[in-house]
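What follows is one structure encoded as structure tokens, with my remarks underneath.
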Amino acid sequence: MYPSGVYGSMSWPNPLQVRVVQKEVHMARYMVERNFPDGLAIPITDEGAATCLEVVDRNAEVGVTWIHSYVSEDGKNTFCVYDGPDPESIRRAAERSQLPVENITRVRVLDPYFYK
Amino acid sequence: MPSPAPSDSADEAAGGLLERGSQLSALNDQLAAVIGDGRGRVVFVAGEAGVGKTVLVRRFSRVHRDAVDFLSGACDALFTPRPLGPFHDMAASIGAGFEELIDSGVKPYRIASTLLDRLADRGVTVLIVEDAHWADEATLDVLLLLVRRIEAVPTLMVVTYRDDGLDRAHPLRVLLGGLSSAGSASRIRLPALSATAVARLAKPHGVDPLDLYEKTGGNPFFVTEVLAASDNRIPDTVRDAVLARAAHLSINARTVLEAASVLQPQAELRLLETLAPQTTDHLDECLASGMLRATPGATAFRHELARLAIEESLAPNARRSLHVAALAALSSPPSGAPDVARLAHHAEAAHDADAVLHHAPAAAASAAAAGAHREAAAQYERALRFAGDAGAATRGGLRDRHSYECYVTGHFDAAIESARSALDCHRESNDARSEGNTLSTLSRLLRYVGRPAEAAQAGRAAVTVLEGLDEPGHELAMAYCHLSYLFMSIEDLDGTLAWASKATALAKSLGDLEAEIYAEINIRSLEYLAGNADSVPRLERCLRRAADAGLDEYVGRAYVTLVFWAPRSKAHDAAGRYMEDGLQYCAEHGLDIWRSYLMVSRARSHLDHGHWDQAVESASMIIQDPCTSPVTRVIALAVIGLVRARRGDPECWPPLDEAWRLAEPTGELQRIELVALARAEAAWLEGNPRLVASATEAALALAEQRRAPWIAAGLATWRWRAGLDERFPRDAPPPFAAQVAGDWERAAELWQRLGCPYEAALSLADADDEGALRHALVDLQRLGARPAAGLVARNLRGRGARSFPRGPRPSTLRHAAGLTNREREVLARIAEGLQDREIAELLFVSQRTVGHHVSAILRKLGVSSRKQAAREAARAGLIGEGPASVGERRPS
């Protein structure tokens, strides 16, 4: 009786039976390299924290999650780890926060200690 | 993970609703904004089932009901919902014939435009559409049109939907996806309650707050049900919680509750009385318990989850008897026509085959008339499930109509399967006319999905069967047209002409304008492709004739012909004249398939103009649409893959491989051309000549065979760049010819005139001249073409060049079109209509310098004249403000 639809595209999980629903959107991990010729400085203050959260919020609107970043000593290069559905979303997120994009690479984790 | 608990004051502001203060104030802000500037806005409220979307919206209405008008409607959870359900709900409040308009079966665009007219005449209005995840297709179409134009009316639209389990192909996602760029739309997501909030709710009931939080996940509906059952035990599922709560009712009240559970979207009191004895006495108990709520003349479950739990708990026989009673009662309503969608629903649940076969096709026809094709297909399927004992003619008719609805909704395999079944039925009942008709349809479907040999076979069989009729008519004329179209698709002039002239002769003798115009458009398409200048005015004439005769489908076809082939020869300017009109026409007349042909042509035009963001955006919209045509899907995939390759972004091959897999077996150059060019380019950028060879061989032969010089020369250029062969088509169009002759400067200029900055830069990149290479490098960097820029840089380094630009700084990249401040100044003067000499005087520079700036501006904007530059500047908002400032740097 639940409107399950005739086609696969319309199938609905029955919420009475399913409590936790897995999102079906495919997510990949990306390393995004950015250059800041004038250097990047985020003060460890409320203001800096707010700036970061703004970026996080804007990313969420295009389905992208900023995991964390590595910043070079001089603050001119950053290596940012992102989750997102595709490279276009990564660029869209960058555009929204007015961030430069030098290079996007799809990556996965290699853990050296996994090999015992 | 619990979210941080908001302050008590926020809950106060939400009128006691826990943790909904920020969402409520977001709604208030949007309403204030609409009241402030009179421009409409849309808010989407999303969250899982039972999270409190309706509660939030009701609270919002209660606060503002006295100040502004509210219109509201809900989509219902029927297996096949009533078409336009929410607009029926609000029709009475809109008044003045709106209900009659909906009932008359007009297209969604008429409903949307009428509603917008009414909204424009009213004061500030809040228009609420609930449960959009259940919306029928016609409702979604109306919503999309409303949202696109909402800014024109003083209305706040609030659309709620469940986002758990909303899979990628769900039609609502397409709607939401199309809104990512709309400034008037915003979203609110309702999270589950935090542990703190659950504890506050649990406290008065003496329930273990942590246990409650863990079992319910903070879902407010679940929490409420558990607490309402108040027996200190926390059930494992929502269903158990609902049933535990119902168990507290008296046996008579439970009977009422059970009867109400089979009635959707609401239980009219009249119906309830026939289904449950002494309803009125016991309904109050249900209302008092809070499981049901009163609506005008009816009652409804407080939440769909509760209704579902109760209905599922009924014993099969009891449930069936209730549906039998509901079917009987609904068949003879006290006034007006019966609601066929509800009848079909009860007929199936009552296992009444005759009733299903009676009501489901009627419901399907009314859904299809309203543009709700998904629902129509589902109703035909419902009828077919019960048609086992029906005659072959009935089954054949149902299969044909089902096939059509599947085709319209993009389920081509199902459409083909149904057409084949229909064929068997028509043969069984010796109905040659229907058999021929279905064969012709099948032929079109098979071509569409890329099975050309089978398509031709079915098309010829259709003609044979229909020619054998005593009185050949419209069906035969159309079968000739389809065959002609089949040959047009593979650009076979002789075949196209042969079948089109048969169609024309028959159509004229029958006075059949549809077949006549269809046949003519097929011929004109090939004339257009052959570069015949007369084809455009002739197509315009077809367009006008079709429009005068109300043949919408063929107006769309004519627009597509005038636009779709243009990217092949980079004739974007000429096609642009028809693009916007065509898109508007197709949107308004529900011609979604033709609209996607126009959209994909626009994506190609953006791609060629160097506007890669827009190209990807248009292409993504096409791919996300589950009903998209296989033809446009292939091209859109190629656009996305090619942009990734040009930018050096990862994952360019998956879309290019998929596109090739889909395009290759069709033998249609229209599907193959862009993906072959894109794969060759991607292979070249990767420095893989063998891949360039394999990507181009078959396509180059095909392009030469089809006499498509632009495509052949394009493919040959990649082979030439990859050092594969020097063979080059003799009839190569001017930019390619100049390129191969070594006149790279001329080639670049020709590309520039065609508005193709990337191609122009690549022409310079082939030069044997350091100045030209530097020029190419700068242009490629500005376009964001990292891999090509890298190749040029390597070439320069190999020549011993020392310092060259490492790429524009983010500030100039961020700039629209990457104009320098000086160039923007010059552009502003151009837009004012000044000549170079005047600009030179004004800016205290030489006329020659101004000339350099102007060339740079034209190049960067990808336009060929100063007039176009001015127009582009106005469109993109490049002028009318001071020099660009570098935005504050933010971390990543």
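In the structure tokens, chains take the letters A, B, ... in the order shown, each chain's residues start at 1, and ligands count up from 1 in the order shown.
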May I have a table of the residues of segment 47-114 of chain A lying at most 6 Å from segment 29-37 of chain A, giving each one's closest pair of atoms and their distance in Å to one decimal, counting only C-alpha atoms, ordered by chain and ascending residue number, as a tab-separated table?
residue	atom	partner	partner_atom	distance
A:Lys76	CA	A:Phe36	CA	4.6
A:Asn77	CA	A:Asn35	CA	4.7
A:Thr78	CA	A:Arg34	CA	5.2
A:Phe79	CA	A:Glu33	CA	4.7
A:Cys80	CA	A:Val32	CA	5.0
A:Val81	CA	A:Met31	CA	4.8
A:Tyr82	CA	A:Tyr30	CA	5.1
A:Asp83	CA	A:Arg29	CA	4.5
A:Pro100	CA	A:Arg34	CA	5.7
A:Val101	CA	A:Arg34	CA	5.0
A:Glu102	CA	A:Arg34	CA	5.0
A:Asn103	CA	A:Glu33	CA	5.1
A:Ile104	CA	A:Val32	CA	4.6
A:Thr105	CA	A:Met31	CA	5.2
A:Arg106	CA	A:Tyr30	CA	4.4
A:Val107	CA	A:Tyr30	CA	5.5
Using N, CA and C atoms, can you export the residues from the last selection as a CSV table (one decimal), in the first residue's frame?
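For reference, again_37.csv as written:
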chain,number,residue,atom,x,y,z
A,76,LYS,N,51.4,29.8,1.3
A,76,LYS,CA,51.1,30.1,-0.1
A,76,LYS,C,50.4,28.9,-0.8
A,77,ASN,N,50.5,27.7,-0.3
A,77,ASN,CA,49.9,26.5,-0.9
A,77,ASN,C,49.1,25.8,0.1
A,78,THR,N,47.9,25.3,-0.3
A,78,THR,CA,47.1,24.5,0.5
A,78,THR,C,46.8,23.2,-0.2
A,79,PHE,N,46.7,22.1,0.5
A,79,PHE,CA,46.2,20.8,0.0
A,79,PHE,C,45.0,20.4,0.8
A,80,CYS,N,43.9,20.5,0.2
A,80,CYS,CA,42.6,20.4,0.9
A,80,CYS,C,41.9,19.1,0.5
A,81,VAL,N,41.5,18.3,1.6
A,81,VAL,CA,40.9,17.0,1.3
A,81,VAL,C,39.3,17.3,1.4
A,82,TYR,N,38.7,16.8,0.3
A,82,TYR,CA,37.2,17.1,0.2
A,82,TYR,C,36.5,15.8,-0.1
A,83,ASP,N,35.3,15.7,0.3
A,83,ASP,CA,34.4,14.6,-0.2
A,83,ASP,C,33.3,15.3,-1.1
A,100,PRO,N,40.7,29.9,-5.1
A,100,PRO,CA,41.3,29.5,-6.3
A,100,PRO,C,41.4,27.9,-6.3
A,101,VAL,N,41.4,27.4,-7.5
A,101,VAL,CA,41.7,25.9,-7.7
A,101,VAL,C,42.8,25.7,-8.6
A,102,GLU,N,43.9,25.1,-8.2
A,102,GLU,CA,45.0,24.8,-9.0
A,102,GLU,C,44.9,23.5,-9.7
A,103,ASN,N,44.5,22.5,-8.9
A,103,ASN,CA,44.5,21.1,-9.4
A,103,ASN,C,43.6,20.3,-8.5
A,104,ILE,N,42.8,19.4,-9.2
A,104,ILE,CA,42.0,18.5,-8.4
A,104,ILE,C,42.4,17.1,-8.7
A,105,THR,N,42.6,16.3,-7.7
A,105,THR,CA,43.0,14.9,-8.0
A,105,THR,C,42.1,14.0,-7.2
A,106,ARG,N,41.6,12.9,-7.8
A,106,ARG,CA,40.8,12.0,-7.0
A,106,ARG,C,41.8,11.1,-6.3
A,107,VAL,N,41.5,10.9,-5.0
A,107,VAL,CA,42.5,10.1,-4.2
A,107,VAL,C,41.8,9.1,-3.3
Residues within 12 Å of Leu700 of chain B, please, as an mmCIF file with N, CA and C atoms, in the first residue's frame. Count only C-alpha atoms; anything in the same chain fewer than 3 positions from it doesn't count.
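Now in result38.cif:
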data_model
loop_
_atom_site.group_PDB
_atom_site.id
_atom_site.type_symbol
_atom_site.label_atom_id
_atom_site.label_comp_id
_atom_site.auth_asym_id
_atom_site.auth_seq_id
_atom_site.Cartn_x
_atom_site.Cartn_y
_atom_site.Cartn_z
ATOM 1 N N LEU B 669 25.885 9.933 -36.826
ATOM 2 C CA LEU B 669 26.951 10.901 -36.586
ATOM 3 C C LEU B 669 26.528 11.933 -35.540
ATOM 4 N N ILE B 672 27.576 10.479 -32.436
ATOM 5 C CA ILE B 672 28.970 10.061 -32.361
ATOM 6 C C ILE B 672 29.938 11.241 -32.396
ATOM 7 N N GLU B 673 29.569 12.320 -33.151
ATOM 8 C CA GLU B 673 30.566 13.349 -33.470
ATOM 9 C C GLU B 673 31.260 13.931 -32.246
ATOM 10 N N LEU B 674 30.488 14.416 -31.272
ATOM 11 C CA LEU B 674 31.139 15.128 -30.172
ATOM 12 C C LEU B 674 31.942 14.171 -29.289
ATOM 13 N N ALA B 676 33.395 11.417 -30.154
ATOM 14 C CA ALA B 676 34.630 11.011 -30.833
ATOM 15 C C ALA B 676 35.667 12.141 -30.760
ATOM 16 N N LEU B 677 35.235 13.369 -31.030
ATOM 17 C CA LEU B 677 36.151 14.508 -30.936
ATOM 18 C C LEU B 677 36.697 14.640 -29.511
ATOM 19 N N ALA B 680 39.231 11.931 -28.674
ATOM 20 C CA ALA B 680 40.501 12.184 -29.350
ATOM 21 C C ALA B 680 41.275 13.276 -28.618
ATOM 22 N N VAL B 692 44.492 8.192 -29.489
ATOM 23 C CA VAL B 692 43.940 9.133 -30.468
ATOM 24 C C VAL B 692 43.553 8.357 -31.726
ATOM 25 N N ALA B 693 44.425 7.439 -32.134
ATOM 26 C CA ALA B 693 44.166 6.658 -33.345
ATOM 27 C C ALA B 693 42.887 5.848 -33.208
ATOM 28 N N SER B 694 42.767 5.103 -32.089
ATOM 29 C CA SER B 694 41.600 4.229 -31.963
ATOM 30 C C SER B 694 40.326 5.036 -31.745
ATOM 31 N N ALA B 695 40.460 6.229 -31.148
ATOM 32 C CA ALA B 695 39.262 7.038 -30.894
ATOM 33 C C ALA B 695 38.722 7.677 -32.163
ATOM 34 N N THR B 696 39.577 7.806 -33.189
ATOM 35 C CA THR B 696 39.157 8.566 -34.364
ATOM 36 C C THR B 696 38.858 7.722 -35.598
ATOM 37 N N GLU B 697 39.436 6.523 -35.676
ATOM 38 C CA GLU B 697 39.362 5.766 -36.923
ATOM 39 C C GLU B 697 37.944 5.606 -37.478
ATOM 40 N N ALA B 703 32.352 10.184 -40.731
ATOM 41 C CA ALA B 703 32.168 11.600 -41.051
ATOM 42 C C ALA B 703 32.436 11.857 -42.525
ATOM 43 N N GLU B 704 33.438 11.175 -43.075
ATOM 44 C CA GLU B 704 33.726 11.364 -44.494
ATOM 45 C C GLU B 704 32.603 10.794 -45.349
ATOM 46 N N GLN B 705 32.124 9.627 -44.925
ATOM 47 C CA GLN B 705 31.034 8.997 -45.655
ATOM 48 C C GLN B 705 29.776 9.859 -45.634
ATOM 49 N N ARG B 706 29.517 10.522 -44.506
ATOM 50 C CA ARG B 706 28.330 11.362 -44.369
ATOM 51 C C ARG B 706 28.556 12.770 -44.922
ATOM 52 N N ARG B 707 29.733 13.012 -45.466
ATOM 53 C CA ARG B 707 30.091 14.334 -45.997
ATOM 54 C C ARG B 707 29.890 15.421 -44.937
ATOM 55 N N ALA B 708 30.539 15.205 -43.794
ATOM 56 C CA ALA B 708 30.483 16.182 -42.709
ATOM 57 C C ALA B 708 31.879 16.767 -42.541
ATOM 58 N N PRO B 709 32.240 17.791 -43.346
ATOM 59 C CA PRO B 709 33.629 18.249 -43.393
ATOM 60 C C PRO B 709 34.134 18.791 -42.052
ATOM 61 N N TRP B 710 33.264 19.440 -41.277
ATOM 62 C CA TRP B 710 33.730 20.002 -40.003
ATOM 63 C C TRP B 710 34.183 18.908 -39.049
ATOM 64 N N ILE B 711 33.397 17.825 -39.028
ATOM 65 C CA ILE B 711 33.720 16.742 -38.106
ATOM 66 C C ILE B 711 34.956 15.996 -38.603
ATOM 67 N N ALA B 712 34.966 15.709 -39.923
ATOM 68 C CA ALA B 712 36.106 14.981 -40.489
ATOM 69 C C ALA B 712 37.392 15.765 -40.242
ATOM 70 N N ALA B 713 37.356 17.088 -40.520
ATOM 71 C CA ALA B 713 38.564 17.893 -40.339
ATOM 72 C C ALA B 713 38.939 17.983 -38.865
ATOM 73 N N GLY B 714 37.942 18.067 -37.992
ATOM 74 C CA GLY B 714 38.214 18.134 -36.549
ATOM 75 C C GLY B 714 38.934 16.881 -36.084
ATOM 76 N N LEU B 715 38.423 15.715 -36.514
ATOM 77 C CA LEU B 715 39.044 14.456 -36.114
ATOM 78 C C LEU B 715 40.446 14.329 -36.729
ATOM 79 N N ALA B 716 40.543 14.737 -38.019
ATOM 80 C CA ALA B 716 41.846 14.644 -38.690
ATOM 81 C C ALA B 716 42.871 15.529 -37.992
ATOM 82 N N THR B 717 42.429 16.671 -37.454
ATOM 83 C CA THR B 717 43.354 17.571 -36.759
ATOM 84 C C THR B 717 43.979 16.888 -35.546
ATOM 85 N N TRP B 718 43.158 16.133 -34.797
ATOM 86 C CA TRP B 718 43.729 15.440 -33.630
ATOM 87 C C TRP B 718 44.747 14.391 -34.063
ATOM 88 N N ARG B 719 44.431 13.712 -35.165
ATOM 89 C CA ARG B 719 45.381 12.707 -35.664
ATOM 90 C C ARG B 719 46.675 13.397 -36.103
ATOM 91 N N ARG B 727 47.329 12.827 -43.690
ATOM 92 C CA ARG B 727 46.123 12.819 -44.524
ATOM 93 C C ARG B 727 45.133 13.836 -43.966
ATOM 94 N N PHE B 728 44.618 14.667 -44.820
ATOM 95 C CA PHE B 728 43.693 15.667 -44.335
ATOM 96 C C PHE B 728 42.586 15.820 -45.363
ATOM 97 N N PRO B 729 41.344 15.927 -44.933
ATOM 98 C CA PRO B 729 40.255 16.010 -45.910
ATOM 99 C C PRO B 729 40.460 17.207 -46.837
#
Residues of segment 4-178 of chain B in strand (DSSP E), written as a short mmCIF file (atom, residue, chain, number, x, y, z; two decimals) with N, CA and C atoms, in the first residue's frame:
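File written: states_2.cif
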data_model
loop_
_atom_site.label_atom_id
_atom_site.label_comp_id
_atom_site.auth_asym_id
_atom_site.auth_seq_id
_atom_site.Cartn_x
_atom_site.Cartn_y
_atom_site.Cartn_z
N ARG B 41 9.71 34.39 -3.32
CA ARG B 41 10.81 33.51 -2.94
C ARG B 41 10.27 32.11 -2.69
N VAL B 42 11.17 31.15 -2.71
CA VAL B 42 10.79 29.76 -2.46
C VAL B 42 11.65 29.21 -1.34
N VAL B 43 11.03 28.52 -0.41
CA VAL B 43 11.79 27.82 0.62
C VAL B 43 11.43 26.34 0.54
N PHE B 44 12.44 25.50 0.44
CA PHE B 44 12.21 24.07 0.49
C PHE B 44 12.50 23.58 1.90
N VAL B 45 11.55 22.87 2.48
CA VAL B 45 11.74 22.35 3.84
C VAL B 45 11.89 20.84 3.72
N ALA B 46 13.07 20.34 4.06
CA ALA B 46 13.34 18.92 3.88
C ALA B 46 13.63 18.24 5.21
N GLY B 47 13.39 16.96 5.25
CA GLY B 47 13.71 16.18 6.45
C GLY B 47 13.13 14.80 6.33
N ASP B 69 -2.27 36.15 3.42
CA ASP B 69 -3.10 35.06 2.92
C ASP B 69 -2.31 33.76 2.85
N PHE B 70 -2.97 32.67 3.14
CA PHE B 70 -2.33 31.37 2.99
C PHE B 70 -3.11 30.53 1.99
N LEU B 71 -2.38 29.85 1.10
CA LEU B 71 -2.98 28.84 0.22
C LEU B 71 -2.20 27.58 0.51
N SER B 72 -2.90 26.45 0.73
CA SER B 72 -2.09 25.27 0.92
C SER B 72 -2.72 24.03 0.34
N GLY B 73 -1.85 23.10 0.00
CA GLY B 73 -2.28 21.84 -0.58
C GLY B 73 -1.23 20.79 -0.32
N ALA B 74 -1.65 19.52 -0.38
CA ALA B 74 -0.71 18.45 -0.12
C ALA B 74 -0.77 17.41 -1.22
N THR B 125 1.14 36.57 -0.33
CA THR B 125 0.52 35.26 -0.12
C THR B 125 1.60 34.24 0.23
N VAL B 126 1.25 33.31 1.13
CA VAL B 126 2.13 32.18 1.37
C VAL B 126 1.48 30.97 0.72
N LEU B 127 2.20 30.33 -0.20
CA LEU B 127 1.66 29.18 -0.92
C LEU B 127 2.42 27.93 -0.45
N ILE B 128 1.69 27.05 0.21
CA ILE B 128 2.35 25.88 0.79
C ILE B 128 2.00 24.62 0.00
N VAL B 129 3.02 23.89 -0.41
CA VAL B 129 2.79 22.59 -1.04
C VAL B 129 3.52 21.55 -0.19
N GLU B 130 2.74 20.64 0.40
CA GLU B 130 3.35 19.67 1.31
C GLU B 130 3.60 18.33 0.62
N THR B 155 4.87 36.43 -3.46
CA THR B 155 4.45 35.16 -2.86
C THR B 155 5.64 34.43 -2.25
N LEU B 156 5.43 33.90 -1.06
CA LEU B 156 6.42 33.01 -0.47
C LEU B 156 5.92 31.59 -0.70
N MET B 157 6.66 30.81 -1.49
CA MET B 157 6.30 29.41 -1.69
C MET B 157 7.05 28.57 -0.67
N VAL B 158 6.34 27.69 0.00
CA VAL B 158 7.00 26.78 0.93
C VAL B 158 6.69 25.36 0.45
N VAL B 159 7.74 24.61 0.14
CA VAL B 159 7.55 23.26 -0.39
C VAL B 159 8.22 22.29 0.57
N THR B 160 7.45 21.35 1.13
CA THR B 160 8.07 20.39 2.04
C THR B 160 8.25 19.05 1.33
N TYR B 161 9.31 18.34 1.69
CA TYR B 161 9.50 17.00 1.13
C TYR B 161 10.40 16.17 2.02
N ARG B 162 10.23 14.85 1.88
CA ARG B 162 11.09 13.90 2.58
C ARG B 162 12.36 13.71 1.80
#
Residues at most 9 Å from segment 469-485 of chain B, counting only C-alpha atoms, excluding those fewer than 3 positions away in the same chain, as a PyMOL selection string? chain B and resi 432-434+436-437+439-441+443-444+455-456+459-460+462-463+465-466+488-490+495-507+510+512+514-516+518-519+522-523
Save the residues we just selected, N, CA and C atoms, as a compact mmCIF listing (two decimals), in the first residue's frame?
# COMPACT_ATOMS: atom_id res chain seq x y z
N ALA B 432 -5.00 -5.45 -38.43
CA ALA B 432 -3.81 -5.06 -39.19
C ALA B 432 -3.48 -3.58 -39.02
N ARG B 433 -4.48 -2.74 -38.93
CA ARG B 433 -4.23 -1.31 -38.79
C ARG B 433 -3.44 -1.04 -37.50
N SER B 434 -3.91 -1.64 -36.41
CA SER B 434 -3.20 -1.46 -35.14
C SER B 434 -1.82 -2.10 -35.19
N GLY B 436 0.16 -2.45 -37.79
CA GLY B 436 1.06 -1.58 -38.54
C GLY B 436 1.46 -0.36 -37.73
N ASN B 437 0.47 0.20 -37.05
CA ASN B 437 0.73 1.37 -36.21
C ASN B 437 1.75 1.07 -35.12
N LEU B 439 3.92 -1.38 -35.07
CA LEU B 439 5.23 -1.66 -35.68
C LEU B 439 5.99 -0.36 -35.93
N SER B 440 5.26 0.65 -36.39
CA SER B 440 5.88 1.93 -36.68
C SER B 440 6.41 2.57 -35.39
N THR B 441 5.59 2.51 -34.34
CA THR B 441 6.03 3.02 -33.04
C THR B 441 7.27 2.27 -32.56
N SER B 443 9.46 0.81 -34.28
CA SER B 443 10.61 1.20 -35.09
C SER B 443 11.25 2.47 -34.53
N ARG B 444 10.40 3.44 -34.19
CA ARG B 444 10.92 4.69 -33.62
C ARG B 444 11.64 4.43 -32.30
N ALA B 455 15.31 -1.35 -36.03
CA ALA B 455 14.39 -0.24 -36.27
C ALA B 455 13.96 -0.21 -37.73
N ALA B 456 14.93 -0.38 -38.64
CA ALA B 456 14.61 -0.34 -40.06
C ALA B 456 13.68 -1.51 -40.41
N GLY B 459 10.22 -0.77 -39.21
CA GLY B 459 9.64 0.31 -40.01
C GLY B 459 9.14 -0.20 -41.35
N ARG B 460 9.95 -1.06 -41.99
CA ARG B 460 9.53 -1.62 -43.27
C ARG B 460 8.33 -2.55 -43.11
N ALA B 462 6.05 -2.29 -40.90
CA ALA B 462 4.88 -1.44 -40.68
C ALA B 462 4.29 -1.01 -42.02
N VAL B 463 5.19 -0.55 -42.91
CA VAL B 463 4.74 -0.08 -44.22
C VAL B 463 4.06 -1.22 -45.00
N VAL B 465 2.55 -3.91 -43.83
CA VAL B 465 1.24 -4.24 -43.25
C VAL B 465 0.21 -3.16 -43.61
N LEU B 466 0.61 -1.88 -43.49
CA LEU B 466 -0.35 -0.79 -43.70
C LEU B 466 -0.69 -0.61 -45.19
N MET B 488 16.92 10.01 -42.24
CA MET B 488 17.46 11.34 -41.95
C MET B 488 18.46 11.24 -40.79
N SER B 489 18.14 10.42 -39.79
CA SER B 489 19.00 10.31 -38.62
C SER B 489 20.39 9.79 -38.97
N ILE B 490 20.47 8.98 -40.04
CA ILE B 490 21.80 8.53 -40.45
C ILE B 490 22.28 9.33 -41.66
N GLY B 495 17.47 7.79 -49.06
CA GLY B 495 16.43 7.13 -48.28
C GLY B 495 15.43 8.14 -47.72
N THR B 496 15.95 9.24 -47.20
CA THR B 496 15.07 10.26 -46.62
C THR B 496 14.10 10.77 -47.67
N LEU B 497 14.66 11.12 -48.85
CA LEU B 497 13.82 11.68 -49.91
C LEU B 497 12.79 10.68 -50.42
N ALA B 498 13.23 9.42 -50.58
CA ALA B 498 12.33 8.41 -51.14
C ALA B 498 11.09 8.25 -50.26
N TRP B 499 11.29 8.08 -48.96
CA TRP B 499 10.15 7.85 -48.07
C TRP B 499 9.37 9.14 -47.84
N ALA B 500 10.07 10.27 -47.80
CA ALA B 500 9.37 11.54 -47.59
C ALA B 500 8.46 11.85 -48.77
N SER B 501 8.89 11.50 -50.00
CA SER B 501 8.02 11.85 -51.12
C SER B 501 6.80 10.94 -51.17
N LYS B 502 6.95 9.67 -50.77
CA LYS B 502 5.78 8.80 -50.63
C LYS B 502 4.82 9.39 -49.60
N ALA B 503 5.40 9.83 -48.46
CA ALA B 503 4.58 10.41 -47.40
C ALA B 503 3.85 11.65 -47.91
N THR B 504 4.58 12.52 -48.62
CA THR B 504 3.98 13.76 -49.08
C THR B 504 2.82 13.49 -50.04
N ALA B 505 3.05 12.55 -50.98
CA ALA B 505 2.00 12.26 -51.95
C ALA B 505 0.73 11.77 -51.25
N LEU B 506 0.90 10.82 -50.32
CA LEU B 506 -0.26 10.28 -49.62
C LEU B 506 -0.91 11.35 -48.74
N ALA B 507 -0.06 12.13 -48.04
CA ALA B 507 -0.57 13.15 -47.12
C ALA B 507 -1.40 14.17 -47.89
N LEU B 510 -4.72 12.82 -48.80
CA LEU B 510 -5.60 12.67 -47.63
C LEU B 510 -5.92 14.02 -46.98
N ASP B 512 -3.68 15.50 -45.13
CA ASP B 512 -3.12 15.23 -43.80
C ASP B 512 -1.93 16.16 -43.56
N GLU B 514 -0.34 17.04 -40.80
CA GLU B 514 0.69 16.56 -39.88
C GLU B 514 1.77 15.79 -40.64
N ALA B 515 1.35 14.79 -41.44
CA ALA B 515 2.32 13.98 -42.18
C ALA B 515 3.07 14.83 -43.20
N GLU B 516 2.38 15.79 -43.80
CA GLU B 516 3.01 16.64 -44.80
C GLU B 516 4.16 17.46 -44.18
N TYR B 518 5.70 16.88 -41.28
CA TYR B 518 6.73 15.96 -40.76
C TYR B 518 7.69 15.59 -41.90
N ALA B 519 7.13 15.19 -43.04
CA ALA B 519 7.97 14.79 -44.17
C ALA B 519 8.84 15.95 -44.64
N ASN B 522 11.88 16.60 -42.41
CA ASN B 522 12.95 15.62 -42.63
C ASN B 522 13.85 16.04 -43.80
N ILE B 523 13.20 16.49 -44.87
CA ILE B 523 13.97 16.89 -46.05
C ILE B 523 14.79 18.14 -45.75
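In terms of minimum interatomic distance to chain B, A:Glu95 ranks closest within A:Asp57, A:Glu47, A:Glu73, A:Glu95, counting only C-alpha atoms.
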Surrounding residues of Ala364 of chain B excluding itself and chain neighbours under 3 positions, 7 Å, only C-alpha atoms, as number ranges by chain:
B: 360-361, 367-368, 375-377, 379-380
note - atom CA of Val124 of chain B and atom CA of Leu56 of chain B are separated by 20.0 Å
Which of segment 389-435 of chain B end up as alpha helix (DSSP H) when DSSP is run on this backbone - answer as a PyMOL selection string? chain B and resi 392-408+412-428+432-435
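Nearest residue to chain B, choosing from A:Asp111, A:Asp74, A:Glu88, A:Asp46 and counting only C-alpha atoms: A:Glu88.
As for atom CA of Tyr554 of chain B and atom CA of Lys570 of chain B, they are spaced 24.8 Å apart.
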| request: Could you give me, as a VMD selection string, the residues within 9 Å of segment 839-849 of chain B, counting only C-alpha atoms and dropping anything in the same chain fewer than 2 positions from it? | output: chain B and resid 825 to 826 829 to 830 834 to 837 851 to 854
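For the pair atom CA of Met579 of chain B and atom CA of Cys652 of chain B, the interatomic distance is 28.2 Å.
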Give me the residues near Phe564 of chain B as number ranges by chain, where near means some atom within 9 Å (using only C-alpha atoms) and where sequence neighbours in that chain fewer than 2 positions away do not count. B: 559-562, 566-568, 575, 597-598, 600-602
Subject >> Polymer residues at most 8 Å from Ala682 of chain B, only C-alpha atoms, same-chain spacing of 5 or more positions, as JSON, numbers by chain >> reply: {"B": [642, 645, 646, 652]}
